[in-house]
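Raw contents of query_33.cif, mmCIF, C-alpha atoms and all ligand atoms:
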```
data_query
loop_
_atom_site.group_PDB
_atom_site.id
_atom_site.type_symbol
_atom_site.label_atom_id
_atom_site.label_comp_id
_atom_site.auth_asym_id
_atom_site.auth_seq_id
_atom_site.Cartn_x
_atom_site.Cartn_y
_atom_site.Cartn_z
ATOM 1 C CA MET A 10 -6.219 22.397 3.449
ATOM 2 C CA ASN A 11 -3.044 21.539 1.536
ATOM 3 C CA GLY A 12 -2.974 18.306 -0.444
ATOM 4 C CA LYS A 13 -2.276 15.139 1.539
ATOM 5 C CA PHE A 14 -0.997 11.649 0.760
ATOM 6 C CA ILE A 15 -3.300 8.877 1.982
ATOM 7 C CA VAL A 16 -2.132 5.279 1.550
ATOM 8 C CA ILE A 17 -4.058 2.024 1.748
ATOM 9 C CA GLU A 18 -2.047 -1.027 2.817
ATOM 10 C CA GLY A 19 -2.733 -4.682 3.531
ATOM 11 C CA LEU A 20 -2.312 -8.240 2.304
ATOM 12 C CA GLU A 21 -3.738 -9.433 -1.026
ATOM 13 C CA GLY A 22 -7.521 -9.502 -1.055
ATOM 14 C CA ALA A 23 -7.774 -7.194 1.963
ATOM 15 C CA GLY A 24 -9.947 -4.844 -0.111
ATOM 16 C CA LYS A 25 -7.471 -2.041 -0.865
ATOM 17 C CA THR A 26 -8.883 -1.249 -4.303
ATOM 18 C CA THR A 27 -12.346 -1.028 -2.803
ATOM 19 C CA ALA A 28 -11.041 1.106 0.085
ATOM 20 C CA CYS A 29 -9.414 3.592 -2.339
ATOM 21 C CA LYS A 30 -12.862 4.272 -3.819
ATOM 22 C CA ILE A 31 -14.402 4.715 -0.360
ATOM 23 C CA VAL A 32 -11.678 7.206 0.623
ATOM 24 C CA GLU A 33 -12.287 9.096 -2.636
ATOM 25 C CA LYS A 34 -16.022 9.288 -1.819
ATOM 26 C CA ILE A 35 -15.302 10.623 1.676
ATOM 27 C CA LEU A 36 -12.902 13.278 0.335
ATOM 28 C CA ARG A 37 -15.453 14.405 -2.261
ATOM 29 C CA GLU A 38 -18.106 14.660 0.463
ATOM 30 C CA HIS A 39 -15.695 17.009 2.262
ATOM 31 C CA GLY A 40 -15.433 19.177 -0.848
ATOM 32 C CA ILE A 41 -12.056 17.771 -1.937
ATOM 33 C CA ASP A 42 -12.216 17.123 -5.689
ATOM 34 C CA ASN A 43 -8.594 17.414 -6.794
ATOM 35 C CA ILE A 44 -7.629 13.771 -6.300
ATOM 36 C CA VAL A 45 -4.918 11.643 -7.921
ATOM 37 C CA PHE A 46 -4.762 7.837 -7.626
ATOM 38 C CA THR A 47 -1.538 5.841 -7.578
ATOM 39 C CA ARG A 48 -0.645 2.210 -7.126
ATOM 40 C CA GLU A 49 2.617 0.499 -6.208
ATOM 41 C CA PRO A 50 4.505 -0.946 -7.758
ATOM 42 C CA GLY A 51 3.414 1.048 -10.798
ATOM 43 C CA GLY A 52 1.703 4.343 -11.480
ATOM 44 C CA THR A 53 3.931 5.727 -14.282
ATOM 45 C CA PRO A 54 4.819 4.086 -17.619
ATOM 46 C CA ILE A 55 8.311 3.169 -16.369
ATOM 47 C CA SER A 56 7.036 2.023 -12.972
ATOM 48 C CA GLU A 57 4.361 -0.099 -14.660
ATOM 49 C CA LYS A 58 7.090 -1.863 -16.686
ATOM 50 C CA LEU A 59 8.941 -2.520 -13.421
ATOM 51 C CA ARG A 60 5.676 -3.786 -11.891
ATOM 52 C CA ASP A 61 5.348 -6.312 -14.679
ATOM 53 C CA LEU A 62 8.952 -7.430 -14.196
ATOM 54 C CA PHE A 63 8.388 -7.728 -10.441
ATOM 55 C CA LYS A 64 5.098 -9.601 -10.716
ATOM 56 C CA ARG A 65 5.940 -12.022 -13.513
ATOM 57 C CA GLY A 66 9.737 -12.230 -13.537
ATOM 58 C CA VAL A 67 11.417 -13.351 -16.768
ATOM 59 C CA GLY A 68 11.037 -16.974 -17.837
ATOM 60 C CA GLN A 69 12.444 -19.433 -15.316
ATOM 61 C CA GLU A 70 15.179 -17.092 -13.974
ATOM 62 C CA ARG A 71 14.897 -16.692 -10.218
ATOM 63 C CA LEU A 72 14.681 -13.059 -9.137
ATOM 64 C CA ASN A 73 17.207 -12.377 -6.374
ATOM 65 C CA ILE A 74 15.457 -10.896 -3.338
ATOM 66 C CA LYS A 75 17.746 -7.836 -3.245
ATOM 67 C CA ALA A 76 17.176 -7.283 -6.967
ATOM 68 C CA GLU A 77 13.450 -7.498 -6.208
ATOM 69 C CA LEU A 78 13.837 -4.858 -3.505
ATOM 70 C CA LEU A 79 15.723 -2.541 -5.868
ATOM 71 C CA ILE A 80 13.093 -2.957 -8.586
ATOM 72 C CA LEU A 81 10.431 -1.917 -6.064
ATOM 73 C CA TYR A 82 12.404 1.134 -4.947
ATOM 74 C CA ALA A 83 13.181 2.102 -8.555
ATOM 75 C CA ALA A 84 9.447 1.992 -9.330
ATOM 76 C CA ARG A 85 8.663 3.885 -6.125
ATOM 77 C CA VAL A 86 11.124 6.736 -6.547
ATOM 78 C CA GLN A 87 10.002 7.213 -10.154
ATOM 79 C CA LEU A 88 6.384 7.472 -8.971
ATOM 80 C CA VAL A 89 7.146 9.716 -5.997
ATOM 81 C CA GLU A 90 9.318 12.158 -7.928
ATOM 82 C CA THR A 91 7.281 12.368 -11.127
ATOM 83 C CA VAL A 92 3.705 11.992 -9.886
ATOM 84 C CA ILE A 93 3.146 12.162 -6.131
ATOM 85 C CA LYS A 94 5.363 15.095 -5.117
ATOM 86 C CA PRO A 95 4.345 17.264 -8.114
ATOM 87 C CA ALA A 96 0.654 16.537 -7.376
ATOM 88 C CA LEU A 97 1.033 17.450 -3.690
ATOM 89 C CA LYS A 98 2.886 20.608 -4.705
ATOM 90 C CA ARG A 99 -0.106 21.597 -6.850
ATOM 91 C CA GLY A 100 -2.329 21.126 -3.777
ATOM 92 C CA MET A 101 -3.826 17.843 -4.982
ATOM 93 C CA TRP A 102 -4.722 14.885 -2.748
ATOM 94 C CA VAL A 103 -3.087 11.560 -3.519
ATOM 95 C CA ILE A 104 -4.689 8.203 -2.710
ATOM 96 C CA GLY A 105 -2.069 5.464 -2.947
ATOM 97 C CA ASP A 106 -2.799 1.748 -3.285
ATOM 98 C CA ARG A 107 0.313 0.614 -1.322
ATOM 99 C CA HIS A 108 3.537 2.534 -0.636
ATOM 100 C CA ASP A 109 6.768 2.077 1.311
ATOM 101 C CA LEU A 110 5.277 0.101 4.215
ATOM 102 C CA SER A 111 4.653 -2.748 1.732
ATOM 103 C CA SER A 112 8.428 -3.134 1.251
ATOM 104 C CA GLN A 113 9.062 -3.176 4.981
ATOM 105 C CA ALA A 114 6.362 -5.836 5.415
ATOM 106 C CA TYR A 115 6.861 -8.034 2.310
ATOM 107 C CA GLN A 116 10.598 -7.670 1.647
ATOM 108 C CA GLY A 117 11.710 -6.938 5.237
ATOM 109 C CA ALA A 118 9.567 -9.405 7.188
ATOM 110 C CA GLY A 119 8.322 -11.698 4.403
ATOM 111 C CA ARG A 120 11.616 -12.120 2.524
ATOM 112 C CA LYS A 121 13.702 -11.597 5.700
ATOM 113 C CA ILE A 122 15.915 -8.913 4.130
ATOM 114 C CA ASP A 123 17.872 -7.066 6.822
ATOM 115 C CA PRO A 124 15.558 -4.235 7.997
ATOM 116 C CA GLN A 125 18.636 -1.987 8.305
ATOM 117 C CA LEU A 126 19.264 -2.351 4.563
ATOM 118 C CA ILE A 127 15.672 -1.416 3.788
ATOM 119 C CA LEU A 128 15.853 1.540 6.157
ATOM 120 C CA LEU A 129 19.094 2.709 4.553
ATOM 121 C CA LEU A 130 17.608 2.408 1.076
ATOM 122 C CA ARG A 131 14.430 4.112 2.183
ATOM 123 C CA ASN A 132 16.279 7.042 3.758
ATOM 124 C CA MET A 133 18.603 7.473 0.792
ATOM 125 C CA ILE A 134 15.841 7.303 -1.787
ATOM 126 C CA LEU A 135 12.803 8.837 -0.124
ATOM 127 C CA GLY A 136 14.391 10.930 2.628
ATOM 128 C CA ASP A 137 11.698 12.131 5.019
ATOM 129 C CA PHE A 138 8.898 11.767 2.489
ATOM 130 C CA SER A 139 6.053 9.678 3.972
ATOM 131 C CA PRO A 140 2.252 9.375 3.828
ATOM 132 C CA ASP A 141 0.113 11.706 5.940
ATOM 133 C CA LEU A 142 -2.261 8.850 6.731
ATOM 134 C CA THR A 143 -2.089 5.105 6.171
ATOM 135 C CA LEU A 144 -5.125 2.837 6.458
ATOM 136 C CA TYR A 145 -3.944 -0.692 7.111
ATOM 137 C CA LEU A 146 -6.635 -3.240 6.194
ATOM 138 C CA ASP A 147 -5.913 -6.193 8.442
ATOM 139 C CA ILE A 148 -6.856 -9.682 7.260
ATOM 140 C CA PRO A 149 -5.447 -13.199 7.793
ATOM 141 C CA HIS A 150 -3.805 -14.154 4.490
ATOM 142 C CA LEU A 151 -5.950 -17.262 3.944
ATOM 143 C CA ILE A 152 -9.137 -15.188 3.907
ATOM 144 C CA GLY A 153 -7.566 -12.610 1.581
ATOM 145 C CA LEU A 154 -6.162 -15.238 -0.778
ATOM 146 C CA LYS A 155 -9.547 -16.958 -0.943
ATOM 147 C CA ARG A 156 -10.979 -13.674 -2.211
ATOM 148 C CA VAL A 157 -8.275 -13.197 -4.873
ATOM 149 C CA ASN A 158 -8.145 -16.879 -5.870
ATOM 150 C CA ALA A 159 -11.440 -16.351 -7.628
ATOM 151 C CA ARG A 160 -9.519 -14.115 -10.095
ATOM 152 C CA GLY A 161 -7.564 -17.091 -11.472
ATOM 153 C CA GLU A 162 -3.778 -17.121 -12.060
ATOM 154 C CA LEU A 163 -1.625 -16.245 -9.026
ATOM 155 C CA ASP A 164 1.431 -13.935 -9.321
ATOM 156 C CA ARG A 165 4.909 -14.584 -7.793
ATOM 157 C CA ILE A 166 3.972 -13.204 -4.387
ATOM 158 C CA GLU A 167 0.531 -14.795 -4.206
ATOM 159 C CA GLN A 168 2.238 -18.186 -4.619
ATOM 160 C CA GLU A 169 4.332 -17.677 -1.452
ATOM 161 C CA VAL A 170 3.988 -20.044 1.523
ATOM 162 C CA SER A 171 1.780 -19.283 4.535
ATOM 163 C CA SER A 172 4.683 -18.375 6.842
ATOM 164 C CA PHE A 173 5.719 -15.588 4.419
ATOM 165 C CA PHE A 174 2.310 -13.909 4.818
ATOM 166 C CA THR A 175 2.220 -14.551 8.567
ATOM 167 C CA ARG A 176 5.498 -12.606 8.944
ATOM 168 C CA THR A 177 4.289 -9.897 6.553
ATOM 169 C CA ARG A 178 1.046 -9.411 8.471
ATOM 170 C CA ALA A 179 2.886 -9.362 11.835
ATOM 171 C CA CYS A 180 5.138 -6.585 10.505
ATOM 172 C CA TYR A 181 2.120 -4.524 9.426
ATOM 173 C CA LEU A 182 0.494 -4.951 12.850
ATOM 174 C CA GLU A 183 3.717 -4.021 14.638
ATOM 175 C CA ALA A 184 4.188 -0.914 12.482
ATOM 176 C CA ALA A 185 0.572 0.126 13.116
ATOM 177 C CA ALA A 186 1.050 -0.288 16.874
ATOM 178 C CA LEU A 187 4.095 2.008 16.830
ATOM 179 C CA ASP A 188 3.022 4.713 14.384
ATOM 180 C CA ALA A 189 0.013 6.936 15.064
ATOM 181 C CA SER A 190 -0.320 7.806 11.375
ATOM 182 C CA ILE A 191 -1.208 4.167 10.597
ATOM 183 C CA MET A 192 -4.813 3.224 11.401
ATOM 184 C CA THR A 193 -5.875 -0.421 11.443
ATOM 185 C CA ILE A 194 -9.197 -1.503 9.937
ATOM 186 C CA ASP A 195 -10.609 -5.009 10.459
ATOM 187 C CA ALA A 196 -10.912 -6.104 6.826
ATOM 188 C CA THR A 197 -12.503 -9.476 7.601
ATOM 189 C CA GLU A 198 -15.838 -7.748 8.173
ATOM 190 C CA PRO A 199 -18.496 -7.495 5.446
ATOM 191 C CA PHE A 200 -18.265 -4.570 2.968
ATOM 192 C CA GLU A 201 -20.767 -2.384 4.863
ATOM 193 C CA LYS A 202 -18.886 -2.712 8.164
ATOM 194 C CA VAL A 203 -15.472 -2.058 6.540
ATOM 195 C CA THR A 204 -16.914 0.982 4.759
ATOM 196 C CA GLU A 205 -18.270 2.267 8.088
ATOM 197 C CA SER A 206 -14.865 1.851 9.794
ATOM 198 C CA ILE A 207 -13.070 3.662 6.960
ATOM 199 C CA TYR A 208 -15.633 6.483 7.111
ATOM 200 C CA SER A 209 -15.145 6.870 10.816
ATOM 201 C CA CYS A 210 -11.295 6.816 10.661
ATOM 202 C CA VAL A 211 -10.947 9.173 7.711
ATOM 203 C CA SER A 212 -13.638 11.628 8.867
ATOM 204 C CA ARG A 213 -12.041 11.870 12.317
ATOM 205 C CA TRP A 214 -8.614 12.395 10.759
ATOM 206 C CA LEU A 215 -9.917 15.064 8.355
ATOM 207 C CA GLN A 216 -11.465 16.919 11.286
ATOM 208 C CA GLN A 217 -8.102 16.822 13.114
ATOM 209 C CA GLN A 218 -6.378 18.200 10.008
ATOM 210 C CA LYS A 219 -8.885 21.065 9.824
ATOM 211 C CA ASP A 220 -8.401 21.870 13.522
ATOM 212 C CA MET A 221 -4.599 22.020 13.195
HETATM 213 N N1 LIG A 301 4.508 -5.764 -3.080
HETATM 214 C C1 LIG A 301 4.138 -4.468 -3.345
HETATM 215 C C2 LIG A 301 5.697 -6.039 -2.417
HETATM 216 O O1 LIG A 301 6.051 -7.209 -2.218
HETATM 217 N N2 LIG A 301 6.459 -5.010 -1.974
HETATM 218 C C3 LIG A 301 6.152 -3.702 -2.225
HETATM 219 O O2 LIG A 301 6.906 -2.784 -1.822
HETATM 220 C C4 LIG A 301 4.925 -3.419 -2.957
HETATM 221 C C5 LIG A 301 4.527 -2.012 -3.239
HETATM 222 C C6 LIG A 301 1.067 -6.064 -5.675
HETATM 223 C C7 LIG A 301 1.975 -7.125 -5.109
HETATM 224 O O3 LIG A 301 3.218 -6.550 -4.851
HETATM 225 C C8 LIG A 301 3.656 -6.859 -3.548
HETATM 226 C C9 LIG A 301 2.394 -7.074 -2.762
HETATM 227 C C10 LIG A 301 1.469 -7.677 -3.788
HETATM 228 O O4 LIG A 301 1.652 -9.071 -3.774
HETATM 229 P P1 LIG A 301 -1.307 -6.236 -6.698
HETATM 230 O O5 LIG A 301 -1.816 -6.970 -7.890
HETATM 231 O O6 LIG A 301 -1.311 -4.740 -6.736
HETATM 232 O O7 LIG A 301 0.138 -6.761 -6.393
HETATM 233 O O8 LIG A 301 -2.031 -6.902 -5.495
HETATM 234 P P2 LIG A 301 -2.649 -6.314 -4.217
HETATM 235 O O9 LIG A 301 -2.089 -4.971 -3.940
HETATM 236 O O10 LIG A 301 -2.506 -7.284 -3.123
HETATM 237 O O11 LIG A 301 -4.174 -6.145 -4.630
HETATM 238 P P3 LIG A 301 -5.351 -7.176 -4.647
HETATM 239 O O12 LIG A 301 -6.244 -6.776 -5.759
HETATM 240 O O13 LIG A 301 -4.857 -8.577 -4.630
HETATM 241 O O14 LIG A 301 -6.063 -6.954 -3.300
HETATM 242 P P4 LIG A 301 -6.945 -5.738 -2.801
HETATM 243 O O15 LIG A 301 -6.841 -4.550 -3.694
HETATM 244 O O16 LIG A 301 -6.622 -5.550 -1.371
HETATM 245 O O17 LIG A 301 -8.406 -6.329 -2.877
HETATM 246 P P5 LIG A 301 -9.651 -5.891 -3.783
HETATM 247 O O18 LIG A 301 -10.210 -4.623 -3.296
HETATM 248 O O19 LIG A 301 -9.276 -6.030 -5.223
HETATM 249 O O20 LIG A 301 -10.627 -7.075 -3.381
HETATM 250 C C11 LIG A 301 -10.319 -8.409 -3.721
HETATM 251 C C12 LIG A 301 -11.640 -9.177 -3.809
HETATM 252 O O21 LIG A 301 -12.211 -9.241 -2.516
HETATM 253 C C13 LIG A 301 -13.504 -8.688 -2.524
HETATM 254 C C14 LIG A 301 -13.563 -7.761 -3.736
HETATM 255 O O22 LIG A 301 -14.868 -7.621 -4.224
HETATM 256 C C15 LIG A 301 -12.674 -8.488 -4.712
HETATM 257 O O23 LIG A 301 -13.414 -9.492 -5.361
HETATM 258 N N3 LIG A 301 -13.681 -7.981 -1.248
HETATM 259 C C16 LIG A 301 -14.438 -8.425 -0.250
HETATM 260 N N4 LIG A 301 -15.187 -9.551 -0.127
HETATM 261 C C17 LIG A 301 -15.850 -9.706 1.045
HETATM 262 N N5 LIG A 301 -15.821 -8.810 2.075
HETATM 263 C C18 LIG A 301 -15.080 -7.674 1.992
HETATM 264 N N6 LIG A 301 -15.036 -6.811 3.014
HETATM 265 C C19 LIG A 301 -14.346 -7.466 0.784
HETATM 266 N N7 LIG A 301 -13.507 -6.463 0.355
HETATM 267 C C20 LIG A 301 -13.111 -6.799 -0.878
#
```
Output the structure of this file as structure tokens.
Ligand code: T5A
Amino acid sequence: MNGKFIVIEGLEGAGKTTACKIVEKILREHGIDNIVFTREPGGTPISEKLRDLFKRGVGQERLNIKAELLILYAARVQLVETVIKPALKRGMWVIGDRHDLSSQAYQGAGRKIDPQLILLLRNMILGDFSPDLTLYLDIPHLIGLKRVNARGELDRIEQEVSSFFTRTRACYLEAAALDASIMTIDATEPFEKVTESIYSCVSRWLQQQKDM
């Protein structure tokens, strides 16, 4: 099989980092060892700098929401062109902690930026590049935030109001309902159950890929 791009999406505390490791384990069990991990925003030295800017801002200056969107796309295109595409070209598998769907959900629905603008930006910057499979870990934001609260200081996004996350989650669910390459996992379940669901989704998908 050629390399594929598998993305994990979901609200904060959904368990994406944990899910990336589960997907890696499944791939290795299927004899796939050439795996690269990415995260967004971030994943290259330049993109990591942009991540820091995005997450912390600078002093008290308010980050304009369109500037925020452009920072995210700058980080993304840098990662896609310098890491993800070259890895896929070499036949490697890429497991991404977030990708473009995050911008549609957080900036489009959460920040209420015109979806047409995001689509335009997306098409101009990424063209038809998209993940082969997306696992969307669905969780109400209050449960997810409770999990991440234990970590201490909250970043700019984690400090957003409830309605922001309600819109973001609704966008994820809507996208998953419309796109067969996005599979929804109930992330409110205990670890063992979530692991089981990921195993079942990814194994079924791998079998389909082999049969194609
Ligand atoms: N963003 C990103 C945008 O606004 N637009 C974009 O285009 C992009 C790409 C990224 C931020 O950027 C925003 C979204 C984000 O706000 P980040 O630090 O990378 O910031 O934050 P997240 O991606 O949200 O990552 P988190 O670490 O917050 O959440 P995870 O990775 O989903 O959760 P994880 O695996 O670290 O688990 C969190 C805790 O929950 C526990 C874990 O042990 C851990 O303690 N946990 C569970 N507990 C109970 N039951 C389970 N099933 C559990 N699964 C995990």
| request: Do a neighbour search on Thr193 in chain A at 8 Å with all atoms listed in the file, toss out local chain neighbours closer than 5 positions, and write the hits as a list in words. | output: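 Result of the neighbour search: Leu144, Tyr145, Leu146, Asp147, Leu182 and Ala185 of chain A.
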| request: Can you turn the PyMOL selection byres (((not hetatm)) within 8 of (chain A and resi 301)) into a concrete residue list for this file, as a ChimeraX atom specification? | output: /A:18-28,48-50,60,63-64,78,81-82,85,106-116,146,153-154,156-157,159-160,164-167,196-203
| Selection dump of the PyMOL selection byres (((chain A and resi 121) around 12) and not hetatm), as JSON, numbers by chain | {"A": [74, 75, 78, 112, 113, 114, 115, 116, 117, 118, 119, 120, 122, 123, 124, 125, 126, 127, 172, 173, 174, 176, 177, 180]}
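Atom pair CA of Ile152 in chain A / CA of Cys29 in chain A has a distance of 19.8 Å (rounded to one decimal).
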| request: Starting from the shown file, work through the PyMOL selection byres (((chain A and resi 139) around 10) and not hetatm) and note down what comes out as a list of chain:residue names. | output: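 Matching residues under the PyMOL selection byres (((chain A and resi 139) around 10) and not hetatm) are A:Phe14, A:Ile15, A:Val16, A:His108, A:Asp109, A:Leu110, A:Leu135, A:Gly136, A:Asp137, A:Phe138, A:Pro140, A:Asp141, A:Leu142, A:Thr143, A:Ser190.
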| request: Take CA of Gly161 in chain A and CA of Gly51 in chain A and report the distance between them in Å, one decimal. | output: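 Between CA of Gly161 in chain A and CA of Gly51 in chain A the gap works out to 21.2 Å.
Pairwise distance (CA of Arg37 in chain A, CA of Ala84 in chain A) equals 28.7 Å.
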